[in-house]
Amino acid sequence: GYRRPALVVGAGRAYIRATMADLFSTDQPKAPPPGQPLADRLRPKTLAEVVGQEHLTGPDGALTRLIDSGSLGSMVFWGPPGTGKTTVARLLAGETELAFEQISAIFSGVADLKKVFEAAKLRRANGRQTLLFVDEIHRFNRAQQDGFLPVMEDGTIVLVGATTENPSFELNAALLSRARVLVFQSLGEESIKKLLARAEETEGRALPLDEDARAMLIRMADGDGRASLTLAEEVWRAAKPGEVFGPEGLQRVVQRRAPIYDKGQDGHYNLISALHKSVRGSDPDAALYYLARMFDAGEDPLYLGRRLVRMAVEDIGLADPQALVVANAAKDAYDYLGSPEGELAFAQAAVYLATAPKSNAVYTAFKAATRAAKEFGSLLPPKHILNAPTKLMKEEDYGAGYRYDHDEPDAFSGQDYFPEKMGRRTFYDPPERGFERDIRKRLDYWAKLRKERG
């Protein structure tokens, strides 16, 4: 007879029944419930059936190797929606015979986590480990994320977290140090085609789309496998007997605009390249045109904001120091206003950058300094500019001979700050344009003083 361990005494009866059912379940497949979405019916039954993530689930994929090794550690799945993160987590549990628990950070709190951990401890006491899948794990705050650490460390759970956000920014370092990050990629055109073919086989009928409309539906999915199957379902529901939709009919039926380009493929890079070069070439009209095309195609505004900031520091730099301020302000304005009102802030920034004086002097100076850092990285700075917080360091002449610039005439001592064996180098060479014209005057003045004072 099964005897309840003290661990679950006090838990509700329904909770105990659910836990015991989970423990002794035969995992027999059940018939799909009526009205089950096509995407759910087409969930892969094995890792080999997963499309678009061959670098993880293929014969030589990272997850395949983990399963073959017989050791499955905690992981974080990072990737866009509809790329198979939840499906792969379920399949991993099946492949490794772990109990599968799923929670969402959006709808779960501390009490829910405690229940899940208690159930996992009960299973472990009965010889079965739990794979806990946490959707949108980045939604948990820092304290909640720390709550996973003890049960990860003692082997109570194998944590698989899913996130659409960069784990390096959104997850605790302590949690990341105990989990391996695996990147899920947006599904390419061929992968979406495979899903649609699988859907047609399951439904026993072809999609009522002509060739152009089928290609448009694939673009509409935008790398999201679940979205492609949802769109296919909408098309089947809307089609009358014998009706075949063209591109216009498809748009009318699904009420969704197809992206002008695939954000993961050539169109994306072609347009961002055209925008960047238009700004660099001081052509505000062309810059506005390409910016508008990318917005019209559904480009991620955060990506566009990042690229404008990059243009400000790479192609304008100190020729107009306000360029970086304007680019950052445009991102903040978009965050505040949202779409479509915030798009005007990006347009204003693009025009400002395109009409600003251009200079890549800081950009080229930093590249030169980086090369020098790699070449002379083992050299110590000269001792006279080092602090001497200990007696021993003072005895070794750390800080000896340092001249405090504010005590010198013109607040300039003219000392050499490079390592002695390296000698003085010049990396930054500002042009006679914009604000850098004034910077060059300052540099020339300091060079004159340095020469006079030896």
# chains A, B, ... in the order shown; residues from 1 in each chain; ligands from 1
>>> residues_around(residues="Phe366 in chain A", least_positions_apart="2", cutoff="12 Å", atoms="only C-alpha atoms", output="list in words")
Val313, Glu314, Gly317, Asn360, Ala361, Val362, Tyr363, Thr364, Ala368, Ala369, Thr370, Arg371, Ala372, Ala373, Thr426, Phe427, Tyr428 and Asp429 of chain A
>>> write_last_selection(atoms="all heavy atoms", output="compact mmCIF listing (two decimals), in the first residue's frame")
# COMPACT_ATOMS: atom_id res chain seq x y z
N VAL A 313 27.34 56.87 -33.29
CA VAL A 313 28.70 56.76 -32.74
C VAL A 313 29.72 56.35 -33.80
O VAL A 313 30.91 56.65 -33.66
CB VAL A 313 28.74 55.76 -31.56
CG1 VAL A 313 27.90 56.26 -30.41
CG2 VAL A 313 28.29 54.37 -31.98
N GLU A 314 29.28 55.68 -34.86
CA GLU A 314 30.24 55.23 -35.87
C GLU A 314 30.51 56.28 -36.93
O GLU A 314 31.66 56.47 -37.34
CB GLU A 314 29.71 53.95 -36.54
CG GLU A 314 30.63 53.43 -37.65
CD GLU A 314 30.11 52.17 -38.32
OE1 GLU A 314 29.27 51.46 -37.70
OE2 GLU A 314 30.52 51.89 -39.45
N GLY A 317 29.96 60.57 -34.47
CA GLY A 317 30.89 60.69 -33.35
C GLY A 317 30.91 62.07 -32.75
O GLY A 317 29.87 62.70 -32.52
N ASN A 360 34.34 59.55 -38.69
CA ASN A 360 34.57 58.22 -38.10
C ASN A 360 35.89 58.20 -37.34
O ASN A 360 36.49 57.14 -37.15
CB ASN A 360 34.55 57.14 -39.18
CG ASN A 360 35.76 57.21 -40.11
OD1 ASN A 360 36.45 58.24 -40.15
ND2 ASN A 360 36.01 56.15 -40.85
N ALA A 361 36.34 59.38 -36.91
CA ALA A 361 37.65 59.48 -36.26
C ALA A 361 37.71 58.67 -34.97
O ALA A 361 38.69 57.97 -34.69
CB ALA A 361 37.99 60.95 -35.99
N VAL A 362 36.67 58.77 -34.14
CA VAL A 362 36.66 57.99 -32.89
C VAL A 362 36.57 56.50 -33.20
O VAL A 362 37.22 55.67 -32.56
CB VAL A 362 35.49 58.44 -32.00
CG1 VAL A 362 35.36 57.53 -30.78
CG2 VAL A 362 35.68 59.88 -31.54
N TYR A 363 35.77 56.15 -34.20
CA TYR A 363 35.61 54.75 -34.60
C TYR A 363 36.95 54.14 -35.02
O TYR A 363 37.34 53.07 -34.55
CB TYR A 363 34.60 54.70 -35.75
CG TYR A 363 34.39 53.35 -36.38
CD1 TYR A 363 33.91 52.27 -35.64
CD2 TYR A 363 34.63 53.15 -37.74
CE1 TYR A 363 33.70 51.03 -36.23
CE2 TYR A 363 34.42 51.92 -38.34
CZ TYR A 363 33.96 50.86 -37.58
OH TYR A 363 33.74 49.64 -38.17
N THR A 364 37.69 54.84 -35.90
CA THR A 364 38.97 54.32 -36.36
C THR A 364 40.02 54.37 -35.24
O THR A 364 40.88 53.49 -35.15
CB THR A 364 39.47 55.10 -37.59
OG1 THR A 364 39.54 56.49 -37.28
CG2 THR A 364 38.54 54.90 -38.77
N ALA A 368 42.21 51.20 -33.76
CA ALA A 368 43.66 51.23 -33.65
C ALA A 368 44.11 50.97 -32.22
O ALA A 368 45.09 50.25 -31.96
CB ALA A 368 44.19 52.57 -34.15
N ALA A 369 43.40 51.57 -31.26
CA ALA A 369 43.73 51.35 -29.86
C ALA A 369 43.52 49.90 -29.45
O ALA A 369 44.29 49.34 -28.65
CB ALA A 369 42.89 52.27 -28.97
N THR A 370 42.50 49.26 -30.00
CA THR A 370 42.23 47.85 -29.71
C THR A 370 43.37 46.98 -30.22
O THR A 370 43.81 46.04 -29.54
CB THR A 370 40.90 47.42 -30.34
OG1 THR A 370 39.85 48.22 -29.80
CG2 THR A 370 40.61 45.95 -30.06
N ARG A 371 43.86 47.28 -31.43
CA ARG A 371 45.00 46.51 -31.96
C ARG A 371 46.22 46.70 -31.07
O ARG A 371 46.96 45.74 -30.79
CB ARG A 371 45.30 46.95 -33.39
CG ARG A 371 44.26 46.52 -34.41
CD ARG A 371 44.76 46.70 -35.84
NE ARG A 371 45.00 48.10 -36.16
CZ ARG A 371 44.08 48.91 -36.69
NH1 ARG A 371 42.86 48.45 -36.95
NH2 ARG A 371 44.38 50.16 -36.98
N ALA A 372 46.46 47.93 -30.62
CA ALA A 372 47.60 48.19 -29.75
C ALA A 372 47.44 47.49 -28.40
O ALA A 372 48.42 47.00 -27.82
CB ALA A 372 47.76 49.69 -29.54
N ALA A 373 46.22 47.45 -27.90
CA ALA A 373 45.98 46.78 -26.62
C ALA A 373 46.32 45.30 -26.71
O ALA A 373 46.86 44.72 -25.75
CB ALA A 373 44.52 46.98 -26.21
N THR A 426 49.60 57.94 -31.28
CA THR A 426 48.46 58.79 -31.65
C THR A 426 47.43 57.92 -32.36
O THR A 426 47.72 57.33 -33.40
CB THR A 426 48.90 59.94 -32.57
OG1 THR A 426 49.84 60.76 -31.88
CG2 THR A 426 47.70 60.78 -32.98
N PHE A 427 46.24 57.83 -31.79
CA PHE A 427 45.16 57.07 -32.39
C PHE A 427 44.07 57.99 -32.95
O PHE A 427 43.53 57.75 -34.02
CB PHE A 427 44.53 56.12 -31.36
CG PHE A 427 45.49 55.13 -30.77
CD1 PHE A 427 45.65 55.04 -29.39
CD2 PHE A 427 46.24 54.30 -31.58
CE1 PHE A 427 46.53 54.12 -28.84
CE2 PHE A 427 47.13 53.39 -31.04
CZ PHE A 427 47.28 53.30 -29.67
N TYR A 428 43.76 59.02 -32.21
CA TYR A 428 42.63 59.88 -32.56
C TYR A 428 43.10 61.05 -33.38
O TYR A 428 43.95 61.84 -32.96
CB TYR A 428 41.94 60.37 -31.27
CG TYR A 428 40.77 61.29 -31.50
CD1 TYR A 428 39.76 60.98 -32.42
CD2 TYR A 428 40.65 62.47 -30.77
CE1 TYR A 428 38.68 61.83 -32.61
CE2 TYR A 428 39.57 63.32 -30.95
CZ TYR A 428 38.60 63.00 -31.87
OH TYR A 428 37.52 63.83 -32.07
N ASP A 429 42.57 61.18 -34.59
CA ASP A 429 42.96 62.24 -35.52
C ASP A 429 41.70 62.92 -36.05
O ASP A 429 41.19 62.59 -37.11
CB ASP A 429 43.77 61.64 -36.68
CG ASP A 429 44.30 62.72 -37.62
OD1 ASP A 429 44.46 63.88 -37.18
OD2 ASP A 429 44.53 62.40 -38.80
>>> residues_around(residues="range 158-169 of chain A", least_positions_apart="5", cutoff="7 Å", atoms="only C-alpha atoms", output="VMD selection string")
chain A and resid 73 to 81 85 89 130 to 138 152
>>> write_last_selection(atoms="C-alpha atoms", output="compact mmCIF listing (two decimals), in the first residue's frame")
# COMPACT_ATOMS: atom_id res chain seq x y z
CA GLY A 73 21.15 19.36 -16.86
CA SER A 74 19.10 22.51 -16.41
CA MET A 75 18.68 24.68 -19.51
CA VAL A 76 17.30 27.96 -20.75
CA PHE A 77 15.64 27.97 -24.17
CA TRP A 78 16.03 31.39 -25.79
CA GLY A 79 14.21 32.21 -28.99
CA PRO A 80 11.23 33.86 -30.71
CA PRO A 81 7.64 32.66 -30.18
CA LYS A 85 10.50 25.67 -27.02
CA ALA A 89 10.76 20.55 -23.33
CA THR A 130 10.92 16.20 -12.42
CA LEU A 131 11.54 18.33 -15.49
CA LEU A 132 10.03 21.71 -14.64
CA PHE A 133 9.30 23.83 -17.68
CA VAL A 134 8.89 27.53 -16.87
CA ASP A 135 7.48 29.60 -19.71
CA GLU A 136 8.46 33.28 -19.85
CA ILE A 137 10.92 32.68 -17.01
CA HIS A 138 12.30 36.21 -17.36
CA MET A 152 18.28 22.78 -8.96
>>> residues_around(residues="Pro382 in chain A", least_positions_apart="6", cutoff="9 Å", atoms="only C-alpha atoms", output="count of residues only")
7
>>> residues_around(residues="Leu449 in chain A", least_positions_apart="2", cutoff="12 Å", atoms="only C-alpha atoms", output="short mmCIF file (atom, residue, chain, number, x, y, z; two decimals) with N, CA, C and O atoms, in the first residue's frame")
data_model
loop_
_atom_site.label_atom_id
_atom_site.label_comp_id
_atom_site.auth_asym_id
_atom_site.auth_seq_id
_atom_site.Cartn_x
_atom_site.Cartn_y
_atom_site.Cartn_z
N GLU A 408 48.98 72.52 -12.18
CA GLU A 408 49.92 72.97 -13.19
C GLU A 408 49.33 74.15 -13.98
O GLU A 408 48.11 74.32 -14.03
N PRO A 409 50.18 74.96 -14.61
CA PRO A 409 49.68 76.04 -15.46
C PRO A 409 48.79 75.46 -16.57
O PRO A 409 49.11 74.42 -17.16
N ASP A 410 47.71 76.13 -16.83
CA ASP A 410 46.74 75.70 -17.84
C ASP A 410 46.10 74.34 -17.52
O ASP A 410 45.48 73.72 -18.38
N ALA A 411 46.25 73.89 -16.24
CA ALA A 411 45.73 72.58 -15.82
C ALA A 411 46.20 71.46 -16.75
O ALA A 411 45.46 70.54 -17.11
N PHE A 412 47.50 71.56 -17.14
CA PHE A 412 48.07 70.60 -18.08
C PHE A 412 49.53 70.35 -17.71
O PHE A 412 50.35 71.27 -17.76
N SER A 413 49.84 69.09 -17.35
CA SER A 413 51.22 68.78 -16.94
C SER A 413 52.07 68.31 -18.11
O SER A 413 53.30 68.41 -18.07
N GLY A 414 51.42 67.71 -19.14
CA GLY A 414 52.18 67.21 -20.29
C GLY A 414 52.90 65.91 -20.03
O GLY A 414 53.82 65.55 -20.78
N GLN A 415 52.52 65.19 -18.96
CA GLN A 415 53.18 63.92 -18.65
C GLN A 415 52.87 62.87 -19.71
O GLN A 415 51.89 62.98 -20.46
N ARG A 442 42.14 72.12 -29.62
CA ARG A 442 42.57 71.79 -28.26
C ARG A 442 43.76 70.84 -28.29
O ARG A 442 44.75 71.02 -27.55
N LEU A 443 43.67 69.82 -29.15
CA LEU A 443 44.76 68.85 -29.23
C LEU A 443 46.06 69.52 -29.70
O LEU A 443 47.15 69.23 -29.19
N ASP A 444 45.94 70.40 -30.70
CA ASP A 444 47.13 71.11 -31.19
C ASP A 444 47.73 71.98 -30.09
O ASP A 444 48.97 72.07 -29.96
N TYR A 445 46.86 72.62 -29.30
CA TYR A 445 47.34 73.46 -28.19
C TYR A 445 48.07 72.63 -27.15
O TYR A 445 49.15 72.99 -26.69
N TRP A 446 47.49 71.48 -26.78
CA TRP A 446 48.14 70.62 -25.79
C TRP A 446 49.45 70.04 -26.33
O TRP A 446 50.42 69.87 -25.59
N ALA A 447 49.48 69.73 -27.62
CA ALA A 447 50.72 69.22 -28.21
C ALA A 447 51.81 70.27 -28.15
O ALA A 447 53.00 69.97 -27.88
N LYS A 451 55.30 69.91 -25.94
CA LYS A 451 56.63 70.08 -26.54
C LYS A 451 57.44 71.12 -25.79
O LYS A 451 58.63 70.93 -25.52
N GLU A 452 56.80 72.22 -25.37
CA GLU A 452 57.50 73.27 -24.64
C GLU A 452 57.97 72.80 -23.28
O GLU A 452 59.05 73.21 -22.81
N ARG A 453 57.16 71.93 -22.62
CA ARG A 453 57.50 71.50 -21.26
C ARG A 453 58.24 70.18 -21.20
O ARG A 453 58.47 69.63 -20.12
N GLY A 454 58.58 69.68 -22.36
CA GLY A 454 59.41 68.47 -22.40
C GLY A 454 58.68 67.24 -21.95
O GLY A 454 59.30 66.33 -21.38
#
>>> residues_around(residues="range 222-225 of chain A", least_positions_apart="4", cutoff="10 Å", atoms="only C-alpha atoms", output="PyMOL selection string")
chain A and resi 39+51-52+80-84+185-189+191-196+217-218+229-230+258-259+261-264+298
>>> atom_distance(atom1="CA of Leu42 in chain A", atom2="CA of Ala199 in chain A")
7.2 Å
>>> select_by_dssp(residues="range 177-292 of chain A", states="strand (DSSP E)", output="PyMOL selection string")
chain A and resi 180-183
>>> atom_distance(atom1="CA of Ala120 in chain A", atom2="CA of Ala99 in chain A")
8.5 Å
>>> residues_around(residues="Val88 in chain A", least_positions_apart="5", cutoff="9 Å", atoms="only C-alpha atoms", output="PyMOL selection string")
chain A and resi 44+46-47+50+57+93
>>> select_by_dssp(residues="range 206-375 of chain A", states="helix (DSSP H, G or I)", output="PyMOL selection string")
chain A and resi 211-221+225-238+247-254+266-280+284-296+301-319+322-337+343-355+361-375
>>> write_last_selection(atoms="C-alpha atoms", output="compact mmCIF listing (two decimals), in the first residue's frame")
# COMPACT_ATOMS: atom_id res chain seq x y z
CA GLU A 211 1.17 29.57 -55.46
CA ASP A 212 1.55 33.30 -54.74
CA ALA A 213 -0.89 33.19 -51.83
CA ARG A 214 0.90 30.19 -50.33
CA ALA A 215 4.19 32.08 -50.48
CA MET A 216 2.48 35.07 -48.85
CA LEU A 217 1.12 32.92 -46.01
CA ILE A 218 4.64 31.69 -45.32
CA ARG A 219 5.84 35.29 -45.10
CA MET A 220 2.92 36.19 -42.85
CA ALA A 221 4.02 33.52 -40.36
CA GLY A 225 5.53 27.77 -36.72
CA ARG A 226 2.45 28.04 -34.54
CA ALA A 227 1.34 31.17 -36.41
CA SER A 228 1.66 29.37 -39.77
CA LEU A 229 -0.67 26.58 -38.62
CA THR A 230 -3.15 29.05 -37.12
CA LEU A 231 -3.23 30.93 -40.43
CA ALA A 232 -3.77 27.67 -42.31
CA GLU A 233 -6.72 26.87 -40.05
CA GLU A 234 -8.24 30.30 -40.71
CA VAL A 235 -7.94 29.75 -44.45
CA TRP A 236 -9.67 26.35 -44.31
CA ARG A 237 -12.51 27.78 -42.21
CA ALA A 238 -13.05 30.69 -44.59
CA PRO A 247 -2.81 37.01 -52.38
CA GLU A 248 -5.57 39.64 -52.10
CA GLY A 249 -8.12 37.07 -51.03
CA LEU A 250 -5.75 35.70 -48.41
CA GLN A 251 -5.19 39.14 -46.93
CA ARG A 252 -8.92 39.76 -46.84
CA VAL A 253 -9.59 36.44 -45.10
CA VAL A 254 -6.92 36.55 -42.40
CA ASP A 266 18.46 39.07 -47.13
CA GLY A 267 15.68 41.69 -47.25
CA HIS A 268 16.26 42.62 -43.63
CA TYR A 269 19.99 43.13 -44.08
CA ASN A 270 19.60 44.85 -47.43
CA LEU A 271 17.27 47.51 -46.04
CA ILE A 272 19.21 48.19 -42.86
CA SER A 273 22.36 48.48 -44.97
CA ALA A 274 20.57 50.95 -47.28
CA LEU A 275 19.36 52.98 -44.27
CA HIS A 276 22.82 53.10 -42.69
CA LYS A 277 24.54 54.12 -45.91
CA SER A 278 21.90 56.78 -46.61
CA VAL A 279 22.58 58.33 -43.20
CA ARG A 280 26.33 58.07 -43.72
CA PRO A 284 17.86 62.42 -45.26
CA ASP A 285 15.23 61.67 -47.91
CA ALA A 286 16.65 58.24 -48.72
CA ALA A 287 17.07 57.57 -44.99
CA LEU A 288 13.39 58.36 -44.37
CA TYR A 289 12.34 56.13 -47.27
CA TYR A 290 14.22 53.07 -45.99
CA LEU A 291 13.16 53.72 -42.41
CA ALA A 292 9.51 53.84 -43.54
CA ARG A 293 9.92 50.61 -45.50
CA MET A 294 11.30 48.81 -42.46
CA PHE A 295 8.48 50.04 -40.22
CA ASP A 296 5.97 49.03 -42.90
CA PRO A 301 11.50 49.13 -33.30
CA LEU A 302 14.12 48.26 -30.68
CA TYR A 303 16.38 46.97 -33.45
CA LEU A 304 15.94 50.19 -35.45
CA GLY A 305 16.69 52.24 -32.33
CA ARG A 306 19.91 50.30 -31.72
CA ARG A 307 21.03 50.81 -35.32
CA LEU A 308 20.42 54.57 -35.15
CA VAL A 309 22.55 54.73 -32.01
CA ARG A 310 25.27 52.80 -33.80
CA MET A 311 25.15 55.24 -36.75
CA ALA A 312 25.52 58.13 -34.31
CA VAL A 313 28.70 56.76 -32.74
CA GLU A 314 30.24 55.23 -35.87
CA ASP A 315 29.62 57.83 -38.57
CA ILE A 316 29.13 61.10 -36.67
CA GLY A 317 30.89 60.69 -33.35
CA LEU A 318 32.27 63.90 -31.91
CA ALA A 319 31.66 65.87 -35.09
CA GLN A 322 24.37 65.71 -29.81
CA ALA A 323 23.85 62.94 -32.39
CA LEU A 324 24.12 60.22 -29.74
CA VAL A 325 21.83 62.19 -27.42
CA VAL A 326 19.19 62.53 -30.16
CA ALA A 327 19.39 58.83 -31.10
CA ASN A 328 18.97 57.73 -27.48
CA ALA A 329 16.15 60.22 -26.95
CA ALA A 330 14.32 58.79 -29.98
CA LYS A 331 14.37 55.33 -28.38
CA ASP A 332 13.02 56.73 -25.11
CA ALA A 333 10.32 58.66 -26.97
CA TYR A 334 9.22 55.51 -28.77
CA ASP A 335 9.05 53.63 -25.46
CA TYR A 336 6.85 56.42 -24.11
CA LEU A 337 4.55 56.89 -27.11
CA GLU A 343 7.79 56.18 -35.16
CA LEU A 344 8.06 59.93 -35.77
CA ALA A 345 10.80 60.11 -33.11
CA PHE A 346 12.89 57.65 -35.13
CA ALA A 347 12.20 59.65 -38.29
CA GLN A 348 13.40 62.82 -36.57
CA ALA A 349 16.55 61.06 -35.37
CA ALA A 350 17.26 59.68 -38.85
CA VAL A 351 17.00 63.15 -40.40
CA TYR A 352 19.20 64.65 -37.67
CA LEU A 353 21.87 62.00 -38.17
CA ALA A 354 21.76 62.28 -41.96
CA THR A 355 22.20 66.06 -41.85
CA ALA A 361 37.65 59.48 -36.26
CA VAL A 362 36.66 57.99 -32.89
CA TYR A 363 35.61 54.75 -34.60
CA THR A 364 38.97 54.32 -36.36
CA ALA A 365 40.88 55.50 -33.26
CA PHE A 366 39.22 52.86 -31.11
CA LYS A 367 40.02 50.12 -33.63
CA ALA A 368 43.66 51.23 -33.65
CA ALA A 369 43.73 51.35 -29.86
CA THR A 370 42.23 47.85 -29.71
CA ARG A 371 45.00 46.51 -31.96
CA ALA A 372 47.60 48.19 -29.75
CA ALA A 373 45.98 46.78 -26.62
CA LYS A 374 46.33 43.26 -28.03
CA GLU A 375 49.95 43.90 -29.01
>>> closest_residue(among="A:Arg424, A:Arg178, A:Lys448, A:Arg142", to="Asp154 in chain A", atoms="only C-alpha atoms")
A:Arg178
>>> residues_around(residues="Thr156 in chain A", least_positions_apart="5", cutoff="8 Å", atoms="only C-alpha atoms", output="number ranges by chain")
A: 117, 120-121, 124, 129-130, 151
>>> closest_residue(among="A:Arg450, A:Arg41, A:Arg65, A:Lys421", to="Thr202 in chain A", atoms="only C-alpha atoms")
A:Arg41
>>> closest_residue(among="A:Phe245, A:Gly94, A:Thr87, A:Asp146", to="Ala173 in chain A", atoms="only C-alpha atoms")
A:Asp146
>>> decode(residues="range 41-55 of chain A", atoms="N, CA, C and O atoms", output="CSV table (one decimal), in the first residue's frame")
chain,number,residue,atom,x,y,z
A,41,ARG,N,-2.6,19.6,-32.4
A,41,ARG,CA,-2.7,18.3,-33.0
A,41,ARG,C,-1.4,17.9,-33.7
A,41,ARG,O,-1.1,16.7,-33.9
A,42,LEU,N,-0.7,18.9,-34.2
A,42,LEU,CA,0.5,18.6,-35.0
A,42,LEU,C,1.8,18.6,-34.2
A,42,LEU,O,2.9,18.6,-34.7
A,43,ARG,N,1.6,18.7,-32.8
A,43,ARG,CA,2.9,18.8,-32.0
A,43,ARG,C,3.7,17.5,-32.3
A,43,ARG,O,3.1,16.4,-32.3
A,44,PRO,N,5.0,17.6,-32.5
A,44,PRO,CA,5.8,16.5,-32.8
A,44,PRO,C,5.8,15.5,-31.6
A,44,PRO,O,5.7,15.8,-30.5
A,45,LYS,N,5.8,14.2,-32.0
A,45,LYS,CA,5.9,13.1,-31.0
A,45,LYS,C,7.3,12.7,-30.6
A,45,LYS,O,7.5,12.1,-29.5
A,46,THR,N,8.2,13.1,-31.4
A,46,THR,CA,9.7,12.8,-31.1
A,46,THR,C,10.5,14.0,-31.5
A,46,THR,O,10.1,14.8,-32.3
A,47,LEU,N,11.7,14.1,-31.0
A,47,LEU,CA,12.6,15.2,-31.3
A,47,LEU,C,12.9,15.2,-32.8
A,47,LEU,O,13.1,16.2,-33.4
A,48,ALA,N,12.9,14.0,-33.4
A,48,ALA,CA,13.3,13.9,-34.8
A,48,ALA,C,12.2,14.6,-35.7
A,48,ALA,O,12.5,15.0,-36.8
A,49,GLU,N,11.0,14.8,-35.2
A,49,GLU,CA,9.9,15.4,-35.9
A,49,GLU,C,9.9,16.9,-35.8
A,49,GLU,O,9.2,17.6,-36.5
A,50,VAL,N,10.7,17.5,-34.9
A,50,VAL,CA,10.8,18.9,-34.7
A,50,VAL,C,11.5,19.5,-35.9
A,50,VAL,O,12.5,19.1,-36.4
A,51,VAL,N,10.9,20.6,-36.5
A,51,VAL,CA,11.5,21.2,-37.7
A,51,VAL,C,12.1,22.6,-37.3
A,51,VAL,O,11.6,23.2,-36.4
A,52,GLY,N,13.1,22.9,-38.0
A,52,GLY,CA,13.7,24.3,-37.9
A,52,GLY,C,14.7,24.4,-36.8
A,52,GLY,O,15.3,25.5,-36.7
A,53,GLN,N,14.9,23.4,-36.0
A,53,GLN,CA,15.9,23.5,-34.9
A,53,GLN,C,16.9,22.3,-35.0
A,53,GLN,O,17.3,21.7,-34.0
A,54,GLU,N,17.4,22.0,-36.2
A,54,GLU,CA,18.2,20.8,-36.4
A,54,GLU,C,19.5,21.0,-35.7
A,54,GLU,O,20.1,19.9,-35.3
A,55,HIS,N,20.0,22.2,-35.4
A,55,HIS,CA,21.2,22.4,-34.6
A,55,HIS,C,21.1,21.9,-33.2
A,55,HIS,O,22.1,21.6,-32.5
